[in-house]
Amino acid sequence: MDFKDVNKAKDNQIIRKEYLEQTNKIEARIADMKANGSSAEEIAKTVVEMRNHDKVAARKAMAAEEVVELEKRNIKKYGNPIGPDADWLFQNIKIKMEKINPEVSDKAVWNAVIEGAMRKDEVINTLLGIDH
């Protein structure tokens, strides 16, 4: 993001706010799925899919050069221009969690995937003047 250009920063602030507003919809979906007895895996896969869909929508409003940089980073890190999918997150989080507890359950890992997918980038939010 270009924080030297006030207009671009304002545009990115609007885009980011819209992206963050989707969090409320995702949280409601999580509550509904839990109430209906969905597994942690089902919830995690839904949440990650919704979050990735929101990323694509947000990027449509961004400057092309910003999207290119995000996608390059994601391809390098995750092998996917949008970002990680739920299975990628599960495998990587499981490896980390098993170092702490070799007997970690799949349910605990899927719950960590959900938590991670819902985490917000507070640095970007702060830079854009967003309190969320």
# chains A, B, ... in the order shown; residues from 1 in each chain; ligands from 1
$ residues_around --residues "Asn74 of chain A" --least-positions-apart "4" --cutoff "12 Å" --atoms "only C-alpha atoms" --output "list in words"
Asn52, Lys55, Val67, Val68, Glu69, Leu70, Tyr78, Gly79, Asn80, Pro81, Ile82, Gly83, Pro84 and Asp85 of chain A
$ residues_around --residues "Leu89 of chain A" --least-positions-apart "3" --cutoff "9 Å" --atoms "only C-alpha atoms" --output "MDAnalysis selection string"
chainID A and resid 84:86 92:94 110 113 116
$ write_last_selection --atoms "C-alpha atoms" --output "PDB file, in the first residue's frame"
ATOM      1  CA  PRO A  84      -4.118 -20.340   1.805  1.00  0.00           C
ATOM      2  CA  ASP A  85      -7.054 -22.702   1.629  1.00  0.00           C
ATOM      3  CA  ALA A  86      -8.370 -24.523   4.697  1.00  0.00           C
ATOM      4  CA  ASN A  92       0.705 -26.036   8.645  1.00  0.00           C
ATOM      5  CA  ILE A  93      -1.030 -25.281  11.937  1.00  0.00           C
ATOM      6  CA  LYS A  94      -1.036 -28.971  12.850  1.00  0.00           C
ATOM      7  CA  TRP A 110      -9.539 -26.937  12.922  1.00  0.00           C
ATOM      8  CA  VAL A 113      -7.798 -22.550  11.635  1.00  0.00           C
ATOM      9  CA  GLY A 116      -6.639 -17.644  12.504  1.00  0.00           C
TER      10      GLY A 116
END
$ residues_around --residues "segment 14-21 of chain A" --least-positions-apart "6" --cutoff "7 Å" --atoms "only C-alpha atoms" --output "list of chain:residue names"
A:Asp54, A:Ala58, A:Ala61
$ residues_around --residues "Ala44 of chain A" --least-positions-apart "3" --cutoff "9 Å" --atoms "only C-alpha atoms" --output "list in words"
Ile30, Ser39, Ala40, Glu41, Val47, Val48, Glu49, Ala86, Trp110, Asn111, Ala112, Val113, Ile114, Glu115 and Ala117 of chain A
$ write_last_selection --atoms "N, CA and C atoms" --output "PDB file, in the first residue's frame"
ATOM      1  N   ILE A  30     -20.700 -18.644  11.632  1.00  0.00           N
ATOM      2  CA  ILE A  30     -20.085 -19.579  12.578  1.00  0.00           C
ATOM      3  C   ILE A  30     -21.094 -19.959  13.658  1.00  0.00           C
ATOM      4  N   SER A  39     -19.345 -29.629  12.269  1.00  0.00           N
ATOM      5  CA  SER A  39     -18.042 -29.952  12.859  1.00  0.00           C
ATOM      6  C   SER A  39     -17.103 -28.759  12.732  1.00  0.00           C
ATOM      7  N   ALA A  40     -16.044 -28.776  13.530  1.00  0.00           N
ATOM      8  CA  ALA A  40     -15.028 -27.725  13.448  1.00  0.00           C
ATOM      9  C   ALA A  40     -14.430 -27.686  12.041  1.00  0.00           C
ATOM     10  N   GLU A  41     -14.245 -28.850  11.426  1.00  0.00           N
ATOM     11  CA  GLU A  41     -13.701 -28.897  10.066  1.00  0.00           C
ATOM     12  C   GLU A  41     -14.637 -28.214   9.078  1.00  0.00           C
ATOM     13  N   VAL A  47     -15.459 -20.898   6.734  1.00  0.00           N
ATOM     14  CA  VAL A  47     -14.895 -19.599   7.120  1.00  0.00           C
ATOM     15  C   VAL A  47     -13.756 -19.197   6.189  1.00  0.00           C
ATOM     16  N   VAL A  48     -12.852 -20.118   5.920  1.00  0.00           N
ATOM     17  CA  VAL A  48     -11.714 -19.799   5.049  1.00  0.00           C
ATOM     18  C   VAL A  48     -12.211 -19.480   3.639  1.00  0.00           C
ATOM     19  N   GLU A  49     -13.182 -20.233   3.155  1.00  0.00           N
ATOM     20  CA  GLU A  49     -13.744 -19.962   1.826  1.00  0.00           C
ATOM     21  C   GLU A  49     -14.400 -18.580   1.786  1.00  0.00           C
ATOM     22  N   ALA A  86      -8.214 -23.931   3.367  1.00  0.00           N
ATOM     23  CA  ALA A  86      -8.370 -24.523   4.697  1.00  0.00           C
ATOM     24  C   ALA A  86      -7.438 -25.712   4.906  1.00  0.00           C
ATOM     25  N   TRP A 110      -8.510 -27.631  13.710  1.00  0.00           N
ATOM     26  CA  TRP A 110      -9.539 -26.937  12.922  1.00  0.00           C
ATOM     27  C   TRP A 110     -10.019 -25.683  13.654  1.00  0.00           C
ATOM     28  N   ASN A 111     -10.140 -25.761  14.981  1.00  0.00           N
ATOM     29  CA  ASN A 111     -10.528 -24.567  15.744  1.00  0.00           C
ATOM     30  C   ASN A 111      -9.473 -23.468  15.621  1.00  0.00           C
ATOM     31  N   ALA A 112      -8.215 -23.860  15.578  1.00  0.00           N
ATOM     32  CA  ALA A 112      -7.134 -22.885  15.384  1.00  0.00           C
ATOM     33  C   ALA A 112      -7.205 -22.276  13.980  1.00  0.00           C
ATOM     34  N   VAL A 113      -7.613 -23.068  13.000  1.00  0.00           N
ATOM     35  CA  VAL A 113      -7.798 -22.550  11.635  1.00  0.00           C
ATOM     36  C   VAL A 113      -8.890 -21.476  11.646  1.00  0.00           C
ATOM     37  N   ILE A 114      -9.989 -21.762  12.321  1.00  0.00           N
ATOM     38  CA  ILE A 114     -11.091 -20.795  12.416  1.00  0.00           C
ATOM     39  C   ILE A 114     -10.600 -19.508  13.074  1.00  0.00           C
ATOM     40  N   GLU A 115      -9.933 -19.661  14.196  1.00  0.00           N
ATOM     41  CA  GLU A 115      -9.424 -18.498  14.933  1.00  0.00           C
ATOM     42  C   GLU A 115      -8.478 -17.671  14.061  1.00  0.00           C
ATOM     43  N   ALA A 117      -8.327 -17.563  10.774  1.00  0.00           N
ATOM     44  CA  ALA A 117      -9.035 -16.948   9.649  1.00  0.00           C
ATOM     45  C   ALA A 117      -9.801 -15.702  10.084  1.00  0.00           C
TER      46      ALA A 117
END
$ residues_around --residues "Arg29 of chain A" --least-positions-apart "5" --cutoff "9 Å" --atoms "only C-alpha atoms" --output "list of chain:residue names"
A:Asn24, A:Lys34, A:Ile43, A:Thr46, A:Val47
$ write_last_selection --atoms "C-alpha atoms" --output "mmCIF file, in the first residue's frame"
data_model
loop_
_atom_site.group_PDB
_atom_site.id
_atom_site.type_symbol
_atom_site.label_atom_id
_atom_site.label_comp_id
_atom_site.auth_asym_id
_atom_site.auth_seq_id
_atom_site.Cartn_x
_atom_site.Cartn_y
_atom_site.Cartn_z
ATOM 1 C CA ASN A 24 -19.726 -9.821 11.324
ATOM 2 C CA LYS A 34 -22.335 -24.382 15.617
ATOM 3 C CA ILE A 43 -16.907 -24.515 9.966
ATOM 4 C CA THR A 46 -16.615 -22.456 5.276
ATOM 5 C CA VAL A 47 -14.895 -19.599 7.120
#
$ atom_distance --atom1 "atom CA of Ser105 of chain A" --atom2 "atom CA of Gly37 of chain A"
18.3 Å
$ atom_distance --atom1 "atom CA of Lys76 of chain A" --atom2 "atom CA of Lys99 of chain A"
24.5 Å
$ atom_distance --atom1 "atom CA of Val6 of chain A" --atom2 "atom CA of Glu65 of chain A"
16.6 Å
$ closest_residue --among "A:Met33, A:Ala63, A:Val104, A:Val109" --to "Asp87 of chain A" --atoms "only C-alpha atoms"
A:Val109
$ select_by_dssp --residues "chain A" --states "helix (DSSP H, G or I)" --output "ChimeraX atom specification"
/A:6-35,40-60,64-78,86-100,106-118,122-127
